[in-house]
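Trainee: File model_32.pdb below, PDB, C-alpha atoms:
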ATOM      1  CA  MET V 254      47.759 112.448   0.674  1.00  0.00           C
ATOM      2  CA  LYS V 255      47.629 109.086   2.376  1.00  0.00           C
ATOM      3  CA  LYS V 256      46.870 107.384  -0.943  1.00  0.00           C
ATOM      4  CA  LYS V 257      50.064 108.753  -2.516  1.00  0.00           C
ATOM      5  CA  HIS V 258      52.154 107.495   0.451  1.00  0.00           C
ATOM      6  CA  THR V 259      50.560 104.060   0.183  1.00  0.00           C
ATOM      7  CA  GLU V 260      51.161 103.914  -3.571  1.00  0.00           C
ATOM      8  CA  ALA V 261      54.753 105.086  -3.087  1.00  0.00           C
ATOM      9  CA  GLY V 262      55.260 102.430  -0.408  1.00  0.00           C
ATOM     10  CA  ILE V 263      53.935  99.702  -2.711  1.00  0.00           C
ATOM     11  CA  VAL V 264      56.210 100.870  -5.551  1.00  0.00           C
ATOM     12  CA  ILE V 265      59.251 100.888  -3.238  1.00  0.00           C
ATOM     13  CA  LEU V 266      58.362  97.463  -1.797  1.00  0.00           C
ATOM     14  CA  PHE V 267      57.893  96.054  -5.312  1.00  0.00           C
ATOM     15  CA  ALA V 268      61.244  97.555  -6.430  1.00  0.00           C
ATOM     16  CA  LEU V 269      63.014  96.004  -3.420  1.00  0.00           C
ATOM     17  CA  MET V 270      61.455  92.598  -4.028  1.00  0.00           C
ATOM     18  CA  THR V 271      62.228  92.484  -7.727  1.00  0.00           C
ATOM     19  CA  GLY V 272      65.657  94.050  -7.299  1.00  0.00           C
ATOM     20  CA  SER V 273      66.732  91.230  -4.980  1.00  0.00           C
ATOM     21  CA  CYS V 274      65.707  88.453  -7.391  1.00  0.00           C
ATOM     22  CA  THR V 275      68.510  86.774  -9.268  1.00  0.00           C
ATOM     23  CA  LEU V 276      68.672  83.881 -11.662  1.00  0.00           C
ATOM     24  CA  HIS V 277      71.194  81.178 -10.823  1.00  0.00           C
ATOM     25  CA  TYR V 278      72.092  79.735 -14.199  1.00  0.00           C
ATOM     26  CA  GLY V 279      74.780  77.506 -12.741  1.00  0.00           C
ATOM     27  CA  GLU V 280      72.263  75.705 -10.520  1.00  0.00           C
ATOM     28  CA  GLN V 281      70.052  74.404 -13.290  1.00  0.00           C
ATOM     29  CA  GLN V 282      69.492  70.691 -13.428  1.00  0.00           C
ATOM     30  CA  ARG V 283      70.954  69.068 -16.503  1.00  0.00           C
ATOM     31  CA  THR V 284      68.398  67.485 -18.824  1.00  0.00           C
ATOM     32  CA  GLU V 285      70.286  64.174 -18.949  1.00  0.00           C
ATOM     33  CA  ASP V 286      69.948  63.860 -15.142  1.00  0.00           C
ATOM     34  CA  LYS V 287      66.208  64.431 -15.319  1.00  0.00           C
ATOM     35  CA  TYR V 288      65.198  61.905 -17.992  1.00  0.00           C
ATOM     36  CA  PRO V 289      66.294  58.280 -18.376  1.00  0.00           C
ATOM     37  CA  GLU V 290      68.871  57.462 -21.003  1.00  0.00           C
ATOM     38  CA  LEU V 291      67.394  53.965 -21.403  1.00  0.00           C
ATOM     39  CA  THR V 292      64.070  52.473 -20.309  1.00  0.00           C
ATOM     40  CA  PHE V 293      63.310  48.748 -20.322  1.00  0.00           C
ATOM     41  CA  SER V 294      60.025  46.953 -19.636  1.00  0.00           C
ATOM     42  CA  ASN V 295      59.738  43.441 -18.163  1.00  0.00           C
ATOM     43  CA  VAL V 296      63.499  43.081 -17.989  1.00  0.00           C
ATOM     44  CA  THR V 297      65.977  40.723 -16.331  1.00  0.00           C
ATOM     45  CA  VAL V 298      69.485  42.037 -15.664  1.00  0.00           C
ATOM     46  CA  THR V 299      72.191  39.649 -14.487  1.00  0.00           C
ATOM     47  CA  ARG V 300      75.642  40.629 -13.234  1.00  0.00           C
ATOM     48  CA  TYR V 301      78.484  38.145 -13.747  1.00  0.00           C
ATOM     49  CA  GLU V 302      81.905  38.046 -12.117  1.00  0.00           C
ATOM     50  CA  ASP V 303      84.430  35.416 -13.198  1.00  0.00           C
ATOM     51  CA  ALA V 304      81.755  33.757 -15.381  1.00  0.00           C
ATOM     52  CA  SER V 305      79.425  33.248 -12.385  1.00  0.00           C
ATOM     53  CA  GLU V 306      76.139  34.951 -11.571  1.00  0.00           C
ATOM     54  CA  THR V 307      76.490  37.313  -8.616  1.00  0.00           C
ATOM     55  CA  MET V 308      73.244  39.299  -8.841  1.00  0.00           C
ATOM     56  CA  GLN V 309      70.011  39.299 -10.801  1.00  0.00           C
ATOM     57  CA  ILE V 310      67.250  41.908 -10.927  1.00  0.00           C
ATOM     58  CA  LYS V 311      63.887  41.384 -12.600  1.00  0.00           C
ATOM     59  CA  ALA V 312      61.719  44.472 -12.960  1.00  0.00           C
ATOM     60  CA  ALA V 313      58.499  45.643 -14.578  1.00  0.00           C
ATOM     61  CA  VAL V 314      60.348  48.847 -15.548  1.00  0.00           C
ATOM     62  CA  LEU V 315      64.068  49.613 -15.342  1.00  0.00           C
ATOM     63  CA  GLU V 316      65.430  53.085 -16.077  1.00  0.00           C
ATOM     64  CA  GLN V 317      69.101  53.919 -16.549  1.00  0.00           C
ATOM     65  CA  TYR V 318      70.352  57.483 -16.320  1.00  0.00           C
ATOM     66  CA  LYS V 319      73.475  59.040 -17.801  1.00  0.00           C
ATOM     67  CA  ASN V 320      75.082  59.251 -14.330  1.00  0.00           C
ATOM     68  CA  GLN V 321      74.800  55.421 -14.203  1.00  0.00           C
ATOM     69  CA  SER V 322      72.046  55.390 -11.583  1.00  0.00           C
ATOM     70  CA  LEU V 323      69.265  52.853 -12.095  1.00  0.00           C
ATOM     71  CA  TYR V 324      65.665  52.777 -10.908  1.00  0.00           C
ATOM     72  CA  ALA V 325      63.525  49.636 -10.980  1.00  0.00           C
ATOM     73  CA  ARG V 326      59.784  49.334 -10.376  1.00  0.00           C
ATOM     74  CA  GLU V 327      58.272  46.050  -9.111  1.00  0.00           C
ATOM     75  CA  ALA V 328      61.775  44.670  -8.559  1.00  0.00           C
ATOM     76  CA  LYS V 329      62.727  41.116  -7.606  1.00  0.00           C
ATOM     77  CA  PHE V 330      66.368  40.383  -6.878  1.00  0.00           C
ATOM     78  CA  LYS V 331      68.719  37.487  -6.122  1.00  0.00           C
ATOM     79  CA  ILE V 332      72.293  37.535  -4.858  1.00  0.00           C
ATOM     80  CA  TRP V 333      74.747  34.638  -5.051  1.00  0.00           C
ATOM     81  CA  ASN V 334      77.884  34.218  -2.930  1.00  0.00           C
ATOM     82  CA  GLU V 335      81.376  33.358  -4.206  1.00  0.00           C
ATOM     83  CA  ASP V 336      80.570  29.625  -3.826  1.00  0.00           C
ATOM     84  CA  LYS V 337      77.770  30.108  -6.416  1.00  0.00           C
ATOM     85  CA  GLU V 338      75.093  29.511  -3.760  1.00  0.00           C
ATOM     86  CA  LEU V 339      71.942  31.600  -3.706  1.00  0.00           C
ATOM     87  CA  GLU V 340      72.416  33.716  -0.593  1.00  0.00           C
ATOM     88  CA  THR V 341      69.690  36.388  -0.625  1.00  0.00           C
ATOM     89  CA  GLU V 342      66.465  36.996  -2.497  1.00  0.00           C
ATOM     90  CA  GLY V 343      63.841  39.642  -2.179  1.00  0.00           C
ATOM     91  CA  SER V 344      61.463  42.141  -3.700  1.00  0.00           C
ATOM     92  CA  CYS V 345      60.294  45.734  -3.383  1.00  0.00           C
ATOM     93  CA  THR V 346      58.062  48.162  -5.234  1.00  0.00           C
ATOM     94  CA  LEU V 347      60.859  50.619  -6.037  1.00  0.00           C
ATOM     95  CA  LEU V 348      64.615  50.042  -6.119  1.00  0.00           C
ATOM     96  CA  GLY V 349      67.139  52.837  -6.624  1.00  0.00           C
ATOM     97  CA  ILE V 350      70.752  51.933  -7.402  1.00  0.00           C
ATOM     98  CA  ASP V 351      73.679  54.333  -7.167  1.00  0.00           C
ATOM     99  CA  THR V 352      76.243  52.238  -9.055  1.00  0.00           C
ATOM    100  CA  GLU V 353      79.168  54.572  -8.337  1.00  0.00           C
ATOM    101  CA  ASN V 354      78.740  54.465  -4.551  1.00  0.00           C
ATOM    102  CA  GLU V 355      77.195  50.957  -4.462  1.00  0.00           C
ATOM    103  CA  ILE V 356      74.137  52.130  -2.533  1.00  0.00           C
ATOM    104  CA  TYR V 357      70.809  50.370  -2.998  1.00  0.00           C
ATOM    105  CA  SER V 358      67.638  52.107  -1.755  1.00  0.00           C
ATOM    106  CA  MET V 359      64.473  50.025  -1.437  1.00  0.00           C
ATOM    107  CA  PHE V 360      60.963  51.374  -0.948  1.00  0.00           C
ATOM    108  CA  ASN V 361      57.479  49.957  -0.316  1.00  0.00           C
ATOM    109  CA  SER V 362      56.536  46.342   0.370  1.00  0.00           C
ATOM    110  CA  ILE V 363      60.128  45.207   0.930  1.00  0.00           C
ATOM    111  CA  ARG V 364      60.759  41.524   1.555  1.00  0.00           C
ATOM    112  CA  VAL V 365      64.296  40.181   1.934  1.00  0.00           C
ATOM    113  CA  LYS V 366      65.116  36.556   2.700  1.00  0.00           C
ATOM    114  CA  THR V 367      68.601  35.388   3.648  1.00  0.00           C
ATOM    115  CA  LEU V 368      68.712  31.678   2.919  1.00  0.00           C
ATOM    116  CA  LYS V 369      71.756  30.729   5.022  1.00  0.00           C
ATOM    117  CA  GLN V 370      70.244  32.229   8.186  1.00  0.00           C
ATOM    118  CA  ASP V 371      66.676  31.304   7.140  1.00  0.00           C
ATOM    119  CA  MET V 372      65.598  34.823   8.078  1.00  0.00           C
ATOM    120  CA  GLU V 373      62.954  37.037   6.482  1.00  0.00           C
ATOM    121  CA  LEU V 374      62.835  40.815   6.784  1.00  0.00           C
ATOM    122  CA  TYR V 375      59.880  43.087   5.952  1.00  0.00           C
ATOM    123  CA  ALA V 376      60.013  46.884   5.727  1.00  0.00           C
ATOM    124  CA  GLU V 377      58.862  49.964   3.818  1.00  0.00           C
ATOM    125  CA  ASN V 378      62.217  51.812   3.515  1.00  0.00           C
ATOM    126  CA  LEU V 379      65.725  50.327   3.585  1.00  0.00           C
ATOM    127  CA  MET V 380      69.160  51.284   2.332  1.00  0.00           C
ATOM    128  CA  TRP V 381      72.014  48.824   1.657  1.00  0.00           C
ATOM    129  CA  ASN V 382      75.580  50.119   1.379  1.00  0.00           C
ATOM    130  CA  ALA V 383      77.529  47.373  -0.399  1.00  0.00           C
ATOM    131  CA  LYS V 384      80.906  48.978   0.393  1.00  0.00           C
ATOM    132  CA  THR V 385      80.345  48.959   4.158  1.00  0.00           C
ATOM    133  CA  GLU V 386      77.897  46.008   4.121  1.00  0.00           C
ATOM    134  CA  GLN V 387      75.395  47.948   6.224  1.00  0.00           C
ATOM    135  CA  LEU V 388      71.606  47.705   5.950  1.00  0.00           C
ATOM    136  CA  ILE V 389      69.663  50.515   7.633  1.00  0.00           C
ATOM    137  CA  SER V 390      66.152  51.869   7.924  1.00  0.00           C
ATOM    138  CA  GLY V 391      64.966  55.339   8.813  1.00  0.00           C
ATOM    139  CA  LYS V 392      64.848  56.226  12.500  1.00  0.00           C
ATOM    140  CA  ASN V 393      61.051  55.858  12.678  1.00  0.00           C
ATOM    141  CA  ASP V 394      60.558  53.182  10.003  1.00  0.00           C
ATOM    142  CA  LEU V 395      59.115  49.872  11.183  1.00  0.00           C
ATOM    143  CA  VAL V 396      61.078  46.728  10.286  1.00  0.00           C
ATOM    144  CA  SER V 397      59.911  43.162  11.028  1.00  0.00           C
ATOM    145  CA  ILE V 398      62.135  40.089  11.185  1.00  0.00           C
ATOM    146  CA  LYS V 399      61.103  36.423  11.318  1.00  0.00           C
ATOM    147  CA  GLN V 400      63.566  33.645  12.165  1.00  0.00           C
ATOM    148  CA  ASP V 401      63.274  30.282  13.938  1.00  0.00           C
ATOM    149  CA  GLY V 402      59.801  30.905  15.397  1.00  0.00           C
ATOM    150  CA  VAL V 403      60.739  34.401  16.581  1.00  0.00           C
ATOM    151  CA  SER V 404      59.045  37.513  15.174  1.00  0.00           C
ATOM    152  CA  ILE V 405      60.486  40.921  16.072  1.00  0.00           C
ATOM    153  CA  SER V 406      59.334  44.377  14.958  1.00  0.00           C
ATOM    154  CA  GLY V 407      60.985  47.662  15.784  1.00  0.00           C
ATOM    155  CA  THR V 408      62.200  51.029  14.563  1.00  0.00           C
ATOM    156  CA  GLY V 409      65.682  52.374  13.925  1.00  0.00           C
ATOM    157  CA  PHE V 410      66.925  49.131  12.376  1.00  0.00           C
ATOM    158  CA  SER V 411      70.528  48.502  11.344  1.00  0.00           C
ATOM    159  CA  ALA V 412      72.351  45.321  10.372  1.00  0.00           C
ATOM    160  CA  SER V 413      75.914  44.402   9.507  1.00  0.00           C
ATOM    161  CA  GLY V 414      76.646  42.002   6.679  1.00  0.00           C
ATOM    162  CA  ILE V 415      80.092  41.451   8.182  1.00  0.00           C
ATOM    163  CA  SER V 416      79.156  40.527  11.768  1.00  0.00           C
ATOM    164  CA  LYS V 417      75.656  39.235  10.852  1.00  0.00           C
ATOM    165  CA  ASN V 418      74.281  41.196  13.831  1.00  0.00           C
ATOM    166  CA  PHE V 419      71.312  43.546  13.808  1.00  0.00           C
ATOM    167  CA  SER V 420      69.864  46.045  16.243  1.00  0.00           C
ATOM    168  CA  PHE V 421      66.989  48.452  16.786  1.00  0.00           C
ATOM    169  CA  THR V 422      67.343  51.888  18.369  1.00  0.00           C
ATOM    170  CA  GLY V 423      63.596  52.364  18.912  1.00  0.00           C
ATOM    171  CA  ALA V 424      60.840  50.385  20.588  1.00  0.00           C
ATOM    172  CA  VAL V 425      60.767  46.647  19.868  1.00  0.00           C
ATOM    173  CA  THR V 426      57.913  44.143  20.124  1.00  0.00           C
ATOM    174  CA  GLY V 427      57.874  40.464  19.333  1.00  0.00           C
ATOM    175  CA  THR V 428      56.585  36.959  19.793  1.00  0.00           C
ATOM    176  CA  VAL V 429      58.329  33.658  20.397  1.00  0.00           C
ATOM    177  CA  GLN V 430      56.685  30.417  19.308  1.00  0.00           C
ATOM    178  CA  ASN V 431      57.570  27.478  21.566  1.00  0.00           C
ATOM    179  CA  ASN V 432      57.916  23.858  20.397  1.00  0.00           C
ATOM    180  CA  GLU V 433      54.236  23.054  21.109  1.00  0.00           C
ATOM    181  CA  GLY V 434      53.122  25.769  18.663  1.00  0.00           C
ATOM    182  CA  GLY V 435      51.940  28.285  21.260  1.00  0.00           C
ATOM    183  CA  GLU V 436      53.087  31.885  21.545  1.00  0.00           C
ATOM    184  CA  LYS V 437      54.783  33.487  24.533  1.00  0.00           C
TER     185      LYS V 437
END
Could I get this file's structure written as structure tokens?
Mentor:
Amino acid sequence: MKKKHTEAGIVILFALMTGSCTLHYGEQQRTEDKYPELTFSNVTVTRYEDASETMQIKAAVLEQYKNQSLYAREAKFKIWNEDKELETEGSCTLLGIDTENEIYSMFNSIRVKTLKQDMELYAENLMWNAKTEQLISGKNDLVSIKQDGVSISGTGFSASGISKNFSFTGAVTGTVQNNEGGEK
């Protein structure tokens, strides 16, 4: 008798589990969002505005998707200001570009050098919002900055391209090199 109750319980449990399953056809990912529309190898892409270079990206692989997002592997980039002066250069292992929202996501072995401030930045994860001119890291991501004999590392990094100020919300460590070459 117990065996029949157990079998009946399993059948009812199975019916409840399968009866609650539904297929959500509207939530399927479109094929064109999943696979690149164009793929380039060893490519250089240059953006021009008013017949002047404003940005250049060199990449081992560059993929463009139908939604106009781009992904670059082994990326090197340069940015020029409106006076046609090289302002920023850098590199990262992976660069994701959301062209519609002007958001640039950088991952792994990031190096960014701003030439005007003679500052170098090193990180593993950064996001640049070109509309708001904000550069941020994840809350726990370590970012290191070197400028004028000062080296600072910390977490929770953010910087403003407008004010040229940066801050850390987490712990910060650093060294200062004095004029005689020693560290403090």
Trainee: Atom CA of V:Thr346 and atom CA of V:Lys329 are how many Å apart?
Mentor: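 Spanning atom CA of V:Thr346 to atom CA of V:Lys329 is a straight-line distance of 8.8 Å.
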Trainee: Please check which residues have atoms at most 10 Å from (63.0, 38.2, 2.4) in the file's coordinates, counting only C-alpha atoms, and write them as an MDAnalysis selection string.
Mentor: chainID V and resid 341:345 363:368 371:376 398:399
Trainee: Any idea what the distance is between atom CA of V:Glu377 and atom CA of V:Leu395?
Mentor: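 If I compute the distance from atom CA of V:Glu377 to atom CA of V:Leu395, I get 7.4 Å.
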Trainee: Of the candidates V:Ser322, V:Thr299, V:Ser413, V:Asn354, which one gets nearest to V:Glu386 if we count only C-alpha atoms?
Mentor: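 Distance minimum relative to V:Glu386 lands on V:Ser413.
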Trainee: What does the PyMOL selection byres ((chain V and resi 382) around 10) select in this file, as a list in words?
Mentor: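 Residues picked by the PyMOL selection byres ((chain V and resi 382) around 10): Asp351, Asn354, Glu355, Ile356, Tyr357, Ser358, Met380, Trp381, Ala383, Lys384, Thr385, Glu386, Gln387, Leu388, Ile389, Ser413 and Gly414 of chain V.
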Trainee: Which residues match the PyMOL selection byres ((chain V and resi 327) around 6) in the file above, as a VMD selection string?
Mentor: chain V and resid 312 to 313 326 328 346
Trainee: Enter the distance from atom CA of V:Ala325 to atom CA of V:Phe293, in Å, rounded to one decimal.
Mentor: 9.4 Å
Trainee: Find, counting all atoms listed in the file, the residue in V:Thr307, V:Asn393, V:Asn320, V:Asn361 that gets nearest to V:Lys337.
Mentor: V:Thr307
